[in-house]
Amino acid sequence: MTILEVKHLKKVYTTRFGGSKVQALTDVNFAVERGEYVAIMGESGSGKTTLLNILAALDKPTGGQVLLDGRDIVGIREREISSFRRDHLGFVFQDFNLLDTFSIQDNIFLPLVLAGKRYDEMQQRLQALAPQLGIMDILKKFPYEVSGGQKQRAAVARALITQPDLVLADEPTGALDSRSSDSLLELFQQINRQGQTVLMVTHSVKAASTAQRVLFIKDGEVYHQLYRGEMSSEELYQRISEALTVMVGAGGRHA
C-alpha cells in the first residue's frame, strides 16, 4: 500500500530582489510503500535537501504534489501545518536538535506535550520504546551528559513516540563515530522490520546500503534507483558506489 506519492515536484528559488532564479527541483516523481525503508542520495546541490524540506512540510514547492496517505500536504493551511507534522511525521536530524535544559525524557515527551497527551499515556509509550532503543539508563540525564550515539537514540525515540506515518531522517549518522553509526543503522533496520516507514537522506554509502531501496537525485530529478532485492548490504554497498561513480560522470537523465 502506497503511503507517500511525489508527483511532478518542482521548486524554483528566486534570489533577493528577483535578480535570478535557481531551479532546485525540476520534475521529481516517486512513491514509497507503507513499511518501506528508502534512502535518497545525491551530490551537494542535487536538490535532495530541498526535497526533504518539502516532504517535511517545512517548505512549499513551486509546483507538483506530495500525497501522504492520499492527502496533499502542499495544500495544508499554514495554521494547521505544525499539528500535521507533529501527528504524522517523525524527524531525526544530524545535529540531534535536543534541548539542553530538558532531560532526555522530557525531550522525548515534547511532541506529545505539544499534542496535549496525558502524562500516563506518555509514560506508557516511552516504557515501550526505551528498552528497545537502549536508553532506559539515560532518561533522567541531560543531553550534555550523554554521548552522540545516545543523543541520536533519544532523537529516534522522540520521532517514534508520536507513532508517525513516516520517519524522515536527515543525515542521521553525520555527527556520529563509526561505532555509533553502525548501532544507529541497525536500529533503523530494526524499527523498519517492525513496520515503520523510513525515508533517509544521506551522503553515506554505508547508511544507504542498509535501506531496501536507494533513490539517486541529480539535477533536481530522480536519476536512478536501486532495489535491494536479495542483495546483502555489502553487495548493495558496491552497487551504490558504482551508481554514484556513473552519476557523477554522466550528464542528463538515466532510466
# chains A, B, ... in the order shown; residues from 1 in each chain; ligands from 1
call {"tool": "residues_around", "arguments": {"residues": "stretch 19-35 of chain A", "least_positions_apart": "2", "cutoff": "6 Å", "atoms": "only C-alpha atoms", "output": "list of chain:residue names"}}
result
A:Met1, A:Thr2, A:Ile3, A:Leu4, A:Glu5, A:Val6, A:Lys7, A:His8, A:Leu9, A:Lys10, A:Lys11, A:Val12, A:Tyr13, A:Thr14, A:Thr15, A:Phe17, A:Gly47, A:Gly195, A:Gln196, A:Thr197, A:Gly220, A:Glu221, A:Val222
call {"tool": "write_last_selection", "arguments": {"atoms": "N, CA, C and O atoms", "output": "compact mmCIF listing (two decimals), in the first residue's frame"}}
result
# COMPACT_ATOMS: atom_id res chain seq x y z
N MET A 1 0.85 -1.21 0.00
CA MET A 1 0.00 0.00 0.00
C MET A 1 0.88 1.25 0.00
O MET A 1 1.80 1.38 0.80
N THR A 2 0.61 2.17 -0.91
CA THR A 2 1.41 3.39 -1.03
C THR A 2 1.07 4.37 0.09
O THR A 2 -0.09 4.67 0.32
N ILE A 3 2.12 4.86 0.77
CA ILE A 3 1.90 5.85 1.83
C ILE A 3 2.31 7.25 1.38
O ILE A 3 1.74 8.25 1.82
N LEU A 4 3.30 7.34 0.50
CA LEU A 4 3.80 8.64 0.04
C LEU A 4 3.90 8.63 -1.48
O LEU A 4 4.49 7.73 -2.07
N GLU A 5 3.32 9.66 -2.10
CA GLU A 5 3.43 9.84 -3.54
C GLU A 5 3.94 11.26 -3.83
O GLU A 5 3.38 12.24 -3.32
N VAL A 6 4.99 11.33 -4.61
CA VAL A 6 5.56 12.61 -5.02
C VAL A 6 5.36 12.72 -6.53
O VAL A 6 5.85 11.88 -7.28
N LYS A 7 4.63 13.74 -6.95
CA LYS A 7 4.24 13.86 -8.36
C LYS A 7 4.69 15.20 -8.95
O LYS A 7 4.25 16.25 -8.48
N HIS A 8 5.55 15.12 -9.94
CA HIS A 8 5.98 16.29 -10.72
C HIS A 8 6.39 17.47 -9.83
O HIS A 8 6.01 18.62 -10.07
N LEU A 9 7.17 17.15 -8.81
CA LEU A 9 7.56 18.18 -7.84
C LEU A 9 8.62 19.10 -8.45
O LEU A 9 9.61 18.67 -9.03
N LYS A 10 8.36 20.39 -8.28
CA LYS A 10 9.23 21.42 -8.84
C LYS A 10 9.46 22.50 -7.77
O LYS A 10 8.55 22.85 -7.03
N LYS A 11 10.70 22.98 -7.70
CA LYS A 11 10.99 24.08 -6.77
C LYS A 11 11.97 25.05 -7.42
O LYS A 11 13.07 24.67 -7.83
N VAL A 12 11.54 26.30 -7.52
CA VAL A 12 12.38 27.36 -8.06
C VAL A 12 12.55 28.43 -6.99
O VAL A 12 11.56 28.93 -6.44
N TYR A 13 13.80 28.73 -6.67
CA TYR A 13 14.08 29.81 -5.72
C TYR A 13 14.43 31.08 -6.50
O TYR A 13 15.20 31.04 -7.46
N THR A 14 13.85 32.18 -6.06
CA THR A 14 14.18 33.47 -6.65
C THR A 14 15.09 34.22 -5.70
O THR A 14 14.78 34.35 -4.51
N THR A 15 16.22 34.68 -6.20
CA THR A 15 17.17 35.38 -5.35
C THR A 15 16.61 36.73 -4.94
O THR A 15 15.62 37.22 -5.50
N PHE A 17 15.52 40.35 -4.47
CA PHE A 17 15.15 41.39 -5.45
C PHE A 17 14.84 40.79 -6.83
O PHE A 17 14.76 41.51 -7.82
N GLY A 47 19.52 18.76 -4.96
CA GLY A 47 18.12 19.02 -4.64
C GLY A 47 17.55 18.13 -3.54
O GLY A 47 16.39 18.27 -3.17
N GLY A 195 7.69 -2.49 10.95
CA GLY A 195 6.63 -1.87 10.17
C GLY A 195 6.72 -0.37 9.97
O GLY A 195 5.88 0.21 9.28
N GLN A 196 7.75 0.28 10.58
CA GLN A 196 7.86 1.73 10.45
C GLN A 196 8.41 2.11 9.08
O GLN A 196 9.45 1.60 8.66
N THR A 197 7.75 3.03 8.40
CA THR A 197 8.23 3.56 7.12
C THR A 197 9.30 4.61 7.39
O THR A 197 9.10 5.51 8.21
N GLY A 220 17.97 17.88 -9.84
CA GLY A 220 16.58 18.12 -9.49
C GLY A 220 15.60 17.08 -9.95
O GLY A 220 14.38 17.31 -9.96
N GLU A 221 16.08 15.88 -10.34
CA GLU A 221 15.21 14.80 -10.77
C GLU A 221 15.70 13.48 -10.19
O GLU A 221 16.85 13.37 -9.75
N VAL A 222 14.82 12.47 -10.17
CA VAL A 222 15.25 11.12 -9.82
C VAL A 222 15.99 10.56 -11.02
O VAL A 222 15.41 10.32 -12.08
call {"tool": "residues_around", "arguments": {"residues": "A:Gly90", "least_positions_apart": "5", "cutoff": "7 Å", "atoms": "only C-alpha atoms", "output": "ChimeraX atom specification"}}
result
/A:159-160,164,166-168
call {"tool": "write_last_selection", "arguments": {"atoms": "N, CA and C atoms", "output": "PDB file, in the first residue's frame"}}
result
ATOM      1  N   ALA A 159      11.157  10.825  17.689  1.00  0.00           N
ATOM      2  CA  ALA A 159      10.499  10.685  16.390  1.00  0.00           C
ATOM      3  C   ALA A 159       9.436   9.596  16.411  1.00  0.00           C
ATOM      4  N   LEU A 160       9.703   8.521  17.141  1.00  0.00           N
ATOM      5  CA  LEU A 160       8.801   7.365  17.124  1.00  0.00           C
ATOM      6  C   LEU A 160       7.652   7.465  18.114  1.00  0.00           C
ATOM      7  N   PRO A 164       4.344   7.968  14.187  1.00  0.00           N
ATOM      8  CA  PRO A 164       4.146   8.676  12.917  1.00  0.00           C
ATOM      9  C   PRO A 164       3.893   7.729  11.749  1.00  0.00           C
ATOM     10  N   LEU A 166       5.338   8.355   8.892  1.00  0.00           N
ATOM     11  CA  LEU A 166       6.604   8.367   8.165  1.00  0.00           C
ATOM     12  C   LEU A 166       7.681   9.013   9.022  1.00  0.00           C
ATOM     13  N   VAL A 167       8.845   8.359   9.107  1.00  0.00           N
ATOM     14  CA  VAL A 167      10.011   8.952   9.762  1.00  0.00           C
ATOM     15  C   VAL A 167      10.942   9.496   8.681  1.00  0.00           C
ATOM     16  N   LEU A 168      11.283  10.785   8.790  1.00  0.00           N
ATOM     17  CA  LEU A 168      12.218  11.439   7.883  1.00  0.00           C
ATOM     18  C   LEU A 168      13.541  11.650   8.614  1.00  0.00           C
TER      19      LEU A 168
END
call {"tool": "residues_around", "arguments": {"residues": "stretch 175-191 of chain A", "least_positions_apart": "6", "cutoff": "9 Å", "atoms": "only C-alpha atoms", "output": "JSON, numbers by chain"}}
result
{"A": [37, 94, 95, 96, 132, 133, 148, 149, 150, 152, 153, 156, 197, 198, 206, 207, 210, 211]}
call {"tool": "write_last_selection", "arguments": {"atoms": "N, CA, C and O atoms", "output": "mmCIF file, in the first residue's frame"}}
result
data_model
loop_
_atom_site.group_PDB
_atom_site.id
_atom_site.type_symbol
_atom_site.label_atom_id
_atom_site.label_comp_id
_atom_site.auth_asym_id
_atom_site.auth_seq_id
_atom_site.Cartn_x
_atom_site.Cartn_y
_atom_site.Cartn_z
ATOM 1 N N TYR A 37 11.765 1.147 3.552
ATOM 2 C CA TYR A 37 12.917 1.899 4.066
ATOM 3 C C TYR A 37 13.693 2.375 2.836
ATOM 4 O O TYR A 37 14.314 1.583 2.134
ATOM 5 N N GLN A 94 20.674 15.425 11.831
ATOM 6 C CA GLN A 94 22.100 15.171 12.017
ATOM 7 C C GLN A 94 22.599 15.700 13.362
ATOM 8 O O GLN A 94 23.396 15.055 14.035
ATOM 9 N N ASP A 95 22.116 16.884 13.752
ATOM 10 C CA ASP A 95 22.622 17.524 14.976
ATOM 11 C C ASP A 95 21.690 17.317 16.175
ATOM 12 O O ASP A 95 21.732 18.062 17.142
ATOM 13 N N PHE A 96 20.843 16.298 16.104
ATOM 14 C CA PHE A 96 20.010 15.814 17.209
ATOM 15 C C PHE A 96 18.827 16.731 17.560
ATOM 16 O O PHE A 96 17.740 16.264 17.859
ATOM 17 N N GLN A 132 13.873 -0.932 23.909
ATOM 18 C CA GLN A 132 14.242 -1.297 22.544
ATOM 19 C C GLN A 132 15.372 -0.412 22.020
ATOM 20 O O GLN A 132 16.265 -0.882 21.309
ATOM 21 N N LEU A 133 15.336 0.870 22.400
ATOM 22 C CA LEU A 133 16.330 1.814 21.908
ATOM 23 C C LEU A 133 17.567 1.893 22.800
ATOM 24 O O LEU A 133 18.516 2.615 22.483
ATOM 25 N N GLY A 148 27.131 11.174 21.719
ATOM 26 C CA GLY A 148 26.427 11.474 20.481
ATOM 27 C C GLY A 148 25.493 10.353 20.060
ATOM 28 O O GLY A 148 24.364 10.598 19.622
ATOM 29 N N GLY A 149 25.965 9.128 20.204
ATOM 30 C CA GLY A 149 25.125 7.990 19.856
ATOM 31 C C GLY A 149 23.880 7.903 20.716
ATOM 32 O O GLY A 149 22.788 7.590 20.230
ATOM 33 N N GLN A 150 24.029 8.206 22.006
ATOM 34 C CA GLN A 150 22.873 8.189 22.914
ATOM 35 C C GLN A 150 21.914 9.327 22.591
ATOM 36 O O GLN A 150 20.687 9.162 22.662
ATOM 37 N N GLN A 152 21.422 10.556 19.633
ATOM 38 C CA GLN A 152 20.688 10.214 18.431
ATOM 39 C C GLN A 152 19.623 9.152 18.706
ATOM 40 O O GLN A 152 18.544 9.176 18.114
ATOM 41 N N ARG A 153 19.897 8.244 19.626
ATOM 42 C CA ARG A 153 18.880 7.265 20.007
ATOM 43 C C ARG A 153 17.690 7.959 20.685
ATOM 44 O O ARG A 153 16.533 7.580 20.486
ATOM 45 N N VAL A 156 15.682 9.466 17.984
ATOM 46 C CA VAL A 156 14.856 8.449 17.327
ATOM 47 C C VAL A 156 13.618 8.164 18.179
ATOM 48 O O VAL A 156 12.505 8.037 17.655
ATOM 49 N N THR A 197 7.749 3.030 8.396
ATOM 50 C CA THR A 197 8.228 3.559 7.119
ATOM 51 C C THR A 197 9.296 4.608 7.390
ATOM 52 O O THR A 197 9.102 5.508 8.208
ATOM 53 N N VAL A 198 10.447 4.488 6.703
ATOM 54 C CA VAL A 198 11.574 5.388 6.928
ATOM 55 C C VAL A 198 12.066 5.928 5.586
ATOM 56 O O VAL A 198 12.258 5.168 4.629
ATOM 57 N N LYS A 206 27.438 3.678 3.208
ATOM 58 C CA LYS A 206 27.177 2.644 4.208
ATOM 59 C C LYS A 206 25.761 2.773 4.768
ATOM 60 O O LYS A 206 25.057 1.766 4.930
ATOM 61 N N ALA A 207 25.343 3.998 5.076
ATOM 62 C CA ALA A 207 23.995 4.197 5.589
ATOM 63 C C ALA A 207 22.958 3.787 4.541
ATOM 64 O O ALA A 207 21.997 3.077 4.845
ATOM 65 N N THR A 210 21.898 0.083 3.984
ATOM 66 C CA THR A 210 21.020 -0.618 4.932
ATOM 67 C C THR A 210 19.553 -0.502 4.515
ATOM 68 O O THR A 210 18.694 -1.148 5.109
ATOM 69 N N ALA A 211 19.265 0.324 3.508
ATOM 70 C CA ALA A 211 17.887 0.550 3.073
ATOM 71 C C ALA A 211 17.416 -0.552 2.128
ATOM 72 O O ALA A 211 18.200 -1.348 1.619
#
call {"tool": "residues_around", "arguments": {"residues": "stretch 112-115 of chain A", "least_positions_apart": "3", "cutoff": "12 Å", "atoms": "only C-alpha atoms", "output": "ChimeraX atom specification"}}
result
/A:82-88,90,105-109,118-126,157-164
call {"tool": "select_by_dssp", "arguments": {"residues": "stretch 69-233 of chain A", "states": "alpha helix (DSSP H)", "output": "number ranges by chain"}}
result
A: 78-88, 104-114, 119-133, 148-160, 178-193, 205-208, 233
call {"tool": "atom_distance", "arguments": {"atom1": "atom CA of A:His203", "atom2": "atom CA of A:Ser46"}}
result
11.5 Å
call {"tool": "closest_residue", "arguments": {"among": "A:Ala169, A:Ala128, A:Ile240, A:Ile217", "to": "A:Met41", "atoms": "only C-alpha atoms"}}
result
A:Ile217
call {"tool": "select_by_dssp", "arguments": {"residues": "stretch 26-181 of chain A", "states": "strand (DSSP E or B)", "output": "JSON, numbers by chain"}}
result
{"A": [26, 27, 28, 29, 30, 31, 32, 33, 37, 38, 39, 40, 41, 63, 64, 65, 66, 67, 68, 71, 72, 89, 90, 91, 92, 166, 167, 168, 169, 170]}
call {"tool": "closest_residue", "arguments": {"among": "A:Ala154, A:Val92, A:Ile73, A:Leu215", "to": "A:Met136", "atoms": "only C-alpha atoms"}}
result
A:Ala154
call {"tool": "closest_residue", "arguments": {"among": "A:Val214, A:Tyr237, A:Ser147, A:Phe93", "to": "A:Gly174", "atoms": "only C-alpha atoms"}}
result
A:Phe93
call {"tool": "closest_residue", "arguments": {"among": "A:Ala243, A:Leu89, A:Glu145, A:Val74", "to": "A:Asp165", "atoms": "only C-alpha atoms"}}
result
A:Leu89
call {"tool": "atom_distance", "arguments": {"atom1": "atom CA of A:Asn97", "atom2": "atom CA of A:Thr62"}}
result
28.1 Å
call {"tool": "decode", "arguments": {"residues": "stretch 136-152 of chain A", "atoms": "N, CA, C and O atoms", "output": "compact mmCIF listing (two decimals), in the first residue's frame"}}
result
# COMPACT_ATOMS: atom_id res chain seq x y z
N MET A 136 17.10 3.39 28.53
CA MET A 136 16.45 3.40 29.85
C MET A 136 17.31 4.09 30.91
O MET A 136 16.80 4.82 31.76
N ASP A 137 18.63 3.87 30.83
CA ASP A 137 19.52 4.38 31.88
C ASP A 137 19.92 5.84 31.69
O ASP A 137 20.66 6.39 32.53
N ILE A 138 19.45 6.49 30.64
CA ILE A 138 19.84 7.90 30.44
C ILE A 138 18.62 8.84 30.45
O ILE A 138 18.78 10.04 30.21
N LEU A 139 17.44 8.33 30.74
CA LEU A 139 16.24 9.14 30.63
C LEU A 139 16.26 10.37 31.55
O LEU A 139 15.70 11.41 31.21
N LYS A 140 16.89 10.24 32.71
CA LYS A 140 16.92 11.36 33.65
C LYS A 140 18.12 12.28 33.44
O LYS A 140 18.23 13.33 34.09
N LYS A 141 19.00 11.89 32.53
CA LYS A 141 20.16 12.73 32.25
C LYS A 141 19.80 13.83 31.27
O LYS A 141 18.74 13.83 30.65
N PHE A 142 20.75 14.77 31.10
CA PHE A 142 20.57 15.87 30.15
C PHE A 142 21.44 15.62 28.92
O PHE A 142 22.43 14.87 29.00
N PRO A 143 21.09 16.20 27.78
CA PRO A 143 21.84 15.92 26.55
C PRO A 143 23.34 16.11 26.67
O PRO A 143 24.12 15.34 26.08
N TYR A 144 23.79 17.12 27.43
CA TYR A 144 25.22 17.37 27.56
C TYR A 144 25.92 16.31 28.42
O TYR A 144 27.16 16.31 28.51
N GLU A 145 25.16 15.42 29.02
CA GLU A 145 25.75 14.38 29.87
C GLU A 145 25.87 13.03 29.15
O GLU A 145 26.37 12.08 29.74
N VAL A 146 25.43 12.95 27.90
CA VAL A 146 25.44 11.66 27.20
C VAL A 146 26.21 11.78 25.89
O VAL A 146 26.52 12.88 25.41
N SER A 147 26.52 10.63 25.30
CA SER A 147 27.30 10.60 24.06
C SER A 147 26.45 10.96 22.84
O SER A 147 25.21 11.00 22.91
N GLY A 148 27.13 11.17 21.72
CA GLY A 148 26.43 11.47 20.48
C GLY A 148 25.49 10.35 20.06
O GLY A 148 24.36 10.60 19.62
N GLY A 149 25.96 9.13 20.20
CA GLY A 149 25.13 7.99 19.86
C GLY A 149 23.88 7.90 20.72
O GLY A 149 22.79 7.59 20.23
N GLN A 150 24.03 8.21 22.01
CA GLN A 150 22.87 8.19 22.91
C GLN A 150 21.91 9.33 22.59
O GLN A 150 20.69 9.16 22.66
N LYS A 151 22.47 10.49 22.23
CA LYS A 151 21.62 11.61 21.82
C LYS A 151 20.78 11.23 20.60
O LYS A 151 19.58 11.52 20.54
N GLN A 152 21.42 10.56 19.63
CA GLN A 152 20.69 10.21 18.43
C GLN A 152 19.62 9.15 18.71
O GLN A 152 18.54 9.18 18.11
